[in-house]
$ cat final_0.txt   # compact mmCIF, C-alpha atoms
# COMPACT_ATOMS: atom_id res chain seq x y z
CA MET A 7 0.00 0.00 0.00
CA GLY A 8 2.77 2.44 0.86
CA PHE A 9 4.36 1.97 -2.58
CA MET A 10 1.09 2.63 -4.43
CA GLN A 11 0.37 5.73 -2.36
CA GLY A 12 3.87 6.98 -3.13
CA MET A 13 3.34 6.37 -6.85
CA ARG A 14 -0.01 8.22 -6.73
CA GLY A 15 1.71 11.09 -4.94
CA LEU A 16 4.36 11.27 -7.69
CA ALA A 17 1.66 11.20 -10.37
CA VAL A 18 -0.24 14.04 -8.68
CA ALA A 19 3.00 16.05 -8.34
CA ALA A 20 3.77 15.52 -12.05
CA VAL A 21 0.29 16.67 -13.09
CA LEU A 22 0.58 19.76 -10.89
CA ALA A 23 4.04 20.56 -12.31
CA ILE A 24 2.75 20.28 -15.88
CA ALA A 25 -0.29 22.40 -15.06
CA ALA A 26 1.97 25.11 -13.62
CA VAL A 27 3.70 25.64 -17.00
CA PRO A 28 1.69 28.02 -19.20
CA GLN A 29 0.56 26.39 -22.41
CA GLY A 30 2.53 27.53 -25.43
CA ALA A 31 5.33 28.93 -23.25
CA LYS A 32 8.41 29.75 -25.31
CA ALA A 33 11.91 30.71 -24.34
CA GLU A 34 12.09 34.47 -24.07
CA VAL A 35 14.10 36.21 -26.76
CA PRO A 36 16.14 39.00 -25.21
CA ASP A 37 15.51 42.56 -26.38
CA VAL A 38 19.25 42.95 -26.86
CA PRO A 39 20.93 39.91 -28.42
CA LYS A 40 24.17 39.19 -26.53
CA VAL A 41 26.84 36.60 -27.27
CA ALA A 42 30.08 35.58 -25.57
CA ILE A 43 32.59 34.04 -27.99
CA HIS A 44 35.26 31.84 -26.38
CA VAL A 45 38.78 31.65 -27.84
CA ASP A 46 41.27 29.38 -26.09
CA GLN A 47 43.40 28.20 -29.01
CA ASP A 48 46.53 29.72 -30.53
CA ASP A 49 45.23 29.10 -34.03
CA PRO A 50 44.72 31.89 -36.60
CA LYS A 51 41.87 29.89 -38.18
CA VAL A 52 39.99 29.78 -34.87
CA MET A 53 40.69 33.47 -34.22
CA ASN A 54 39.43 34.45 -37.67
CA MET A 55 36.39 32.20 -37.24
CA ALA A 56 35.59 33.99 -33.96
CA LEU A 57 35.92 37.37 -35.68
CA ASN A 58 33.80 36.16 -38.61
CA ASN A 59 31.15 34.93 -36.17
CA ALA A 60 31.12 38.31 -34.43
CA VAL A 61 30.81 40.24 -37.70
CA ASN A 62 28.07 37.95 -39.03
CA ILE A 63 26.07 38.14 -35.79
CA ILE A 64 26.33 41.93 -35.69
CA ALA A 65 25.34 42.22 -39.37
CA HIS A 66 22.39 39.86 -38.94
CA TYR A 67 20.91 41.85 -36.09
CA GLN A 68 21.64 45.18 -37.78
CA SER A 69 19.53 43.93 -40.70
CA LEU A 70 16.70 43.46 -38.19
CA GLY A 71 17.18 46.93 -36.75
CA LYS A 72 18.85 45.66 -33.56
CA GLU A 73 22.27 46.21 -32.08
CA ALA A 74 23.91 42.97 -30.92
CA VAL A 75 26.41 42.98 -28.06
CA VAL A 76 29.38 40.68 -28.63
CA GLU A 77 32.29 39.94 -26.30
CA ILE A 78 35.21 37.78 -27.38
CA VAL A 79 36.86 36.25 -24.31
CA THR A 80 40.40 34.89 -24.64
CA TYR A 81 42.46 32.83 -22.24
CA GLY A 82 45.15 30.17 -22.26
CA PRO A 83 46.74 29.82 -25.70
CA GLY A 84 43.90 31.94 -27.12
CA LEU A 85 45.38 35.02 -25.45
CA THR A 86 47.71 35.22 -28.47
CA MET A 87 44.75 36.76 -30.30
CA LEU A 88 45.02 39.89 -28.14
CA ARG A 89 48.81 40.12 -27.77
CA SER A 90 50.24 43.14 -29.58
CA ASP A 91 53.59 41.41 -30.13
CA ILE A 92 52.43 38.17 -31.78
CA SER A 93 48.73 38.33 -32.69
CA PRO A 94 48.10 37.14 -36.24
CA VAL A 95 44.81 39.10 -36.27
CA ALA A 96 45.89 42.35 -34.56
CA SER A 97 44.96 44.72 -37.38
CA ARG A 98 41.59 43.03 -37.86
CA VAL A 99 40.81 43.29 -34.13
CA GLY A 100 41.64 46.99 -34.22
CA ASP A 101 39.54 47.63 -37.32
CA LEU A 102 36.52 45.75 -35.93
CA ALA A 103 36.77 47.48 -32.55
CA LEU A 104 36.59 50.84 -34.36
CA GLN A 105 33.67 49.75 -36.56
CA HIS A 106 31.52 48.12 -33.87
CA GLU A 107 30.80 49.97 -30.65
CA HIS A 108 29.29 46.89 -28.94
CA LEU A 109 32.12 44.49 -29.77
CA THR A 110 34.62 43.99 -26.95
CA PHE A 111 37.69 41.85 -26.47
CA SER A 112 38.60 40.41 -23.06
CA ALA A 113 42.02 39.09 -22.06
CA CYS A 114 42.46 36.81 -19.06
CA LEU A 115 44.73 38.26 -16.36
CA ASN A 116 45.43 34.76 -15.00
CA THR A 117 46.91 33.83 -18.38
CA VAL A 118 48.88 37.09 -18.60
CA GLU A 119 50.36 36.49 -15.14
CA SER A 120 51.20 32.87 -15.97
CA ILE A 121 53.06 33.90 -19.14
CA LYS A 122 54.93 36.63 -17.20
CA GLN A 123 56.07 34.09 -14.61
CA LYS A 124 57.24 31.59 -17.25
CA THR A 125 59.01 34.09 -19.52
CA ASN A 126 59.97 36.77 -17.01
CA LYS A 127 58.75 39.32 -19.59
CA GLU A 128 55.80 41.69 -19.87
CA VAL A 129 52.87 40.54 -22.01
CA PRO A 130 51.87 43.43 -24.27
CA LEU A 131 48.18 43.52 -25.15
CA LEU A 132 46.36 45.23 -27.98
CA GLU A 133 44.95 48.65 -27.20
CA ASP A 134 41.43 47.29 -27.68
CA ALA A 135 41.82 44.47 -25.14
CA GLN A 136 40.19 44.83 -21.74
CA VAL A 137 41.74 42.77 -18.98
CA VAL A 138 39.45 40.57 -16.88
CA PRO A 139 40.61 38.69 -13.76
CA SER A 140 39.73 35.28 -15.23
CA GLY A 141 38.60 34.38 -18.74
CA ALA A 142 36.71 31.32 -17.52
CA VAL A 143 34.92 33.29 -14.81
CA ARG A 144 34.14 36.06 -17.31
CA LEU A 145 32.42 33.52 -19.58
CA MET A 146 30.39 32.29 -16.61
CA GLU A 147 29.40 35.83 -15.62
CA LEU A 148 28.32 36.68 -19.16
CA GLN A 149 26.14 33.58 -19.30
CA TYR A 150 24.55 34.55 -15.97
CA GLU A 151 23.81 37.94 -17.59
CA GLY A 152 21.95 36.25 -20.44
CA TYR A 153 24.71 36.02 -23.03
CA THR A 154 24.63 33.10 -25.41
CA TYR A 155 27.86 31.07 -25.35
CA LEU A 156 29.60 30.36 -28.65
CA LYS A 157 32.85 28.49 -29.26
CA PRO A 158 34.11 28.50 -32.86
$ encode --input "final_0.txt" --output "structure tokens"
Amino acid sequence: MGFMQGMRGLAVAAVLAIAAVPQGAKAEVPDVPKVAIHVDQDDPKVMNMALNNAVNIIAHYQSLGKEAVVEIVTYGPGLTMLRSDISPVASRVGDLALQHEHLTFSACLNTVESIKQKTNKEVPLLEDAQVVPSGAVRLMELQYEGYTYLKP
């Protein structure tokens, strides 16, 4: 008897849970489309893919009369993308930062500090790079803020 009562209780709970969801409920589309693009590879193809993704997303929403917010977050080997001394995409980053007000580039301070310790040299970053304490944490924070996560 106890088992059957427990099963009935679960069935009632399931019906109540289903009834609590409004019929036809859809995921809300944010008023401002926001995307966090993750770059953690020292690969020009990946870096260019991330930049292409950003440009295509911005262009798509501009065609709809909206302004998309895009943040490219780099850490680990992907920090190369935002290093002024060795970035294979430095000029493109600079051009896109000038063209798109809502496109930002974040560089992980943990990675910068790790490289400094290993090489005993400063790590020069592009003028358009903003330093964040942790690239991984920044990606988490952006997702909490409603950003869509994208990894090229």
$ residues_around --input "final_0.txt" --residues "Ala56 of chain A" --least-positions-apart "4" --cutoff "7 Å" --atoms "all atoms listed in the file" --output "number ranges by chain"
A: 43, 52, 60, 158
$ closest_residue --input "final_0.txt" --among "A:Leu88, A:Glu119, A:Pro83, A:Pro39" --to "Leu70 of chain A" --atoms "all atoms listed in the file"
A:Pro39
$ closest_residue --input "final_0.txt" --among "A:Val138, A:Val75, A:Ile63, A:Met53" --to "Val99 of chain A" --atoms "all atoms listed in the file"
A:Met53
$ atom_distance --input "final_0.txt" --atom1 "atom CA of Val61 of chain A" --atom2 "atom CA of Pro130 of chain A"
25.2 Å
$ atom_distance --input "final_0.txt" --atom1 "atom CA of Lys51 of chain A" --atom2 "atom CA of Val38 of chain A"
28.5 Å
$ atom_distance --input "final_0.txt" --atom1 "atom CA of Ser90 of chain A" --atom2 "atom CA of Glu107 of chain A"
20.6 Å
$ closest_residue --input "final_0.txt" --among "A:Pro94, A:Gly100, A:Gly84, A:Pro139" --to "Lys157 of chain A" --atoms "only C-alpha atoms"
A:Gly84
$ residues_around --input "final_0.txt" --residues "Ala135 of chain A" --least-positions-apart "6" --cutoff "8 Å" --atoms "all atoms listed in the file" --output "list in words"
Leu88, Thr110, Phe111, Ser112 and Ala113 of chain A
$ closest_residue --input "final_0.txt" --among "A:Asn62, A:Gln47, A:Ser69, A:Ser97" --to "Glu133 of chain A" --atoms "all atoms listed in the file"
A:Ser97
$ closest_residue --input "final_0.txt" --among "A:Ser140, A:Asn54, A:Ser120, A:Asn59" --to "Ala96 of chain A" --atoms "all atoms listed in the file"
A:Asn54
$ decode --input "final_0.txt" --residues "segment 98-111 of chain A" --atoms "all heavy atoms" --output "compact mmCIF listing (two decimals), in the first residue's frame"
# COMPACT_ATOMS: atom_id res chain seq x y z
N ARG A 98 43.03 43.30 -37.71
CA ARG A 98 41.59 43.03 -37.86
C ARG A 98 40.84 43.34 -36.56
O ARG A 98 39.75 43.91 -36.59
CB ARG A 98 41.38 41.58 -38.29
CG ARG A 98 39.97 41.30 -38.71
CD ARG A 98 39.84 40.00 -39.45
NE ARG A 98 38.43 39.83 -39.80
CZ ARG A 98 37.78 38.69 -39.82
NH1 ARG A 98 38.42 37.57 -39.57
NH2 ARG A 98 36.51 38.64 -40.11
N VAL A 99 41.42 42.98 -35.43
CA VAL A 99 40.81 43.29 -34.13
C VAL A 99 40.65 44.80 -34.00
O VAL A 99 39.58 45.29 -33.62
CB VAL A 99 41.63 42.71 -32.96
CG1 VAL A 99 41.18 43.28 -31.62
CG2 VAL A 99 41.54 41.18 -32.94
N GLY A 100 41.70 45.54 -34.31
CA GLY A 100 41.64 46.99 -34.22
C GLY A 100 40.59 47.60 -35.12
O GLY A 100 39.83 48.48 -34.70
N ASP A 101 40.53 47.12 -36.36
CA ASP A 101 39.54 47.63 -37.32
C ASP A 101 38.12 47.35 -36.83
O ASP A 101 37.25 48.23 -36.87
CB ASP A 101 39.73 46.99 -38.70
CG ASP A 101 41.00 47.44 -39.39
OD1 ASP A 101 41.61 48.45 -38.95
OD2 ASP A 101 41.40 46.77 -40.37
N LEU A 102 37.87 46.12 -36.37
CA LEU A 102 36.52 45.75 -35.93
C LEU A 102 36.12 46.50 -34.67
O LEU A 102 34.96 46.89 -34.52
CB LEU A 102 36.42 44.24 -35.73
CG LEU A 102 36.50 43.42 -37.01
CD1 LEU A 102 36.51 41.93 -36.70
CD2 LEU A 102 35.35 43.76 -37.95
N ALA A 103 37.07 46.72 -33.77
CA ALA A 103 36.77 47.48 -32.55
C ALA A 103 36.34 48.90 -32.90
O ALA A 103 35.44 49.45 -32.27
CB ALA A 103 37.97 47.48 -31.62
N LEU A 104 36.97 49.49 -33.91
CA LEU A 104 36.59 50.84 -34.36
C LEU A 104 35.21 50.85 -35.03
O LEU A 104 34.44 51.78 -34.86
CB LEU A 104 37.63 51.38 -35.34
CG LEU A 104 38.93 51.89 -34.74
CD1 LEU A 104 39.91 52.27 -35.86
CD2 LEU A 104 38.68 53.08 -33.83
N GLN A 105 34.92 49.81 -35.78
CA GLN A 105 33.67 49.75 -36.56
C GLN A 105 32.46 49.41 -35.70
O GLN A 105 31.35 49.80 -36.04
CB GLN A 105 33.79 48.69 -37.67
CG GLN A 105 34.77 49.02 -38.75
CD GLN A 105 35.00 47.83 -39.67
OE1 GLN A 105 34.18 46.92 -39.76
NE2 GLN A 105 36.14 47.82 -40.34
N HIS A 106 32.65 48.65 -34.63
CA HIS A 106 31.52 48.12 -33.87
C HIS A 106 31.63 48.51 -32.39
O HIS A 106 32.42 47.94 -31.64
CB HIS A 106 31.43 46.61 -34.02
CG HIS A 106 31.32 46.17 -35.44
ND1 HIS A 106 30.20 46.39 -36.21
CD2 HIS A 106 32.22 45.56 -36.26
CE1 HIS A 106 30.40 45.91 -37.42
NE2 HIS A 106 31.61 45.41 -37.48
N GLU A 107 30.80 49.43 -32.01
CA GLU A 107 30.80 49.97 -30.65
C GLU A 107 30.51 48.90 -29.59
O GLU A 107 31.02 48.96 -28.48
CB GLU A 107 29.73 51.07 -30.59
CG GLU A 107 29.51 51.66 -29.25
CD GLU A 107 28.38 52.69 -29.27
OE1 GLU A 107 27.79 52.97 -30.33
OE2 GLU A 107 28.09 53.20 -28.18
N HIS A 108 29.70 47.90 -29.92
CA HIS A 108 29.29 46.89 -28.94
C HIS A 108 30.04 45.58 -29.09
O HIS A 108 29.55 44.53 -28.69
CB HIS A 108 27.78 46.66 -29.04
CG HIS A 108 26.98 47.89 -28.75
ND1 HIS A 108 26.91 48.46 -27.50
CD2 HIS A 108 26.25 48.69 -29.56
CE1 HIS A 108 26.17 49.54 -27.54
NE2 HIS A 108 25.76 49.71 -28.78
N LEU A 109 31.24 45.65 -29.66
CA LEU A 109 32.12 44.49 -29.77
C LEU A 109 33.32 44.74 -28.85
O LEU A 109 34.02 45.73 -29.00
CB LEU A 109 32.60 44.30 -31.21
CG LEU A 109 33.67 43.24 -31.46
CD1 LEU A 109 33.20 41.84 -31.02
CD2 LEU A 109 34.08 43.23 -32.93
N THR A 110 33.50 43.84 -27.88
CA THR A 110 34.62 43.99 -26.95
C THR A 110 35.48 42.74 -26.94
O THR A 110 35.02 41.65 -27.31
CB THR A 110 34.14 44.31 -25.51
OG1 THR A 110 33.25 43.27 -25.09
CG2 THR A 110 33.44 45.64 -25.44
N PHE A 111 36.71 42.93 -26.50
CA PHE A 111 37.69 41.85 -26.47
C PHE A 111 38.26 41.76 -25.07
O PHE A 111 38.80 42.75 -24.55
CB PHE A 111 38.82 42.15 -27.47
CG PHE A 111 38.35 42.25 -28.89
CD1 PHE A 111 37.95 43.47 -29.41
CD2 PHE A 111 38.29 41.13 -29.70
CE1 PHE A 111 37.50 43.58 -30.73
CE2 PHE A 111 37.84 41.22 -31.01
CZ PHE A 111 37.45 42.45 -31.52
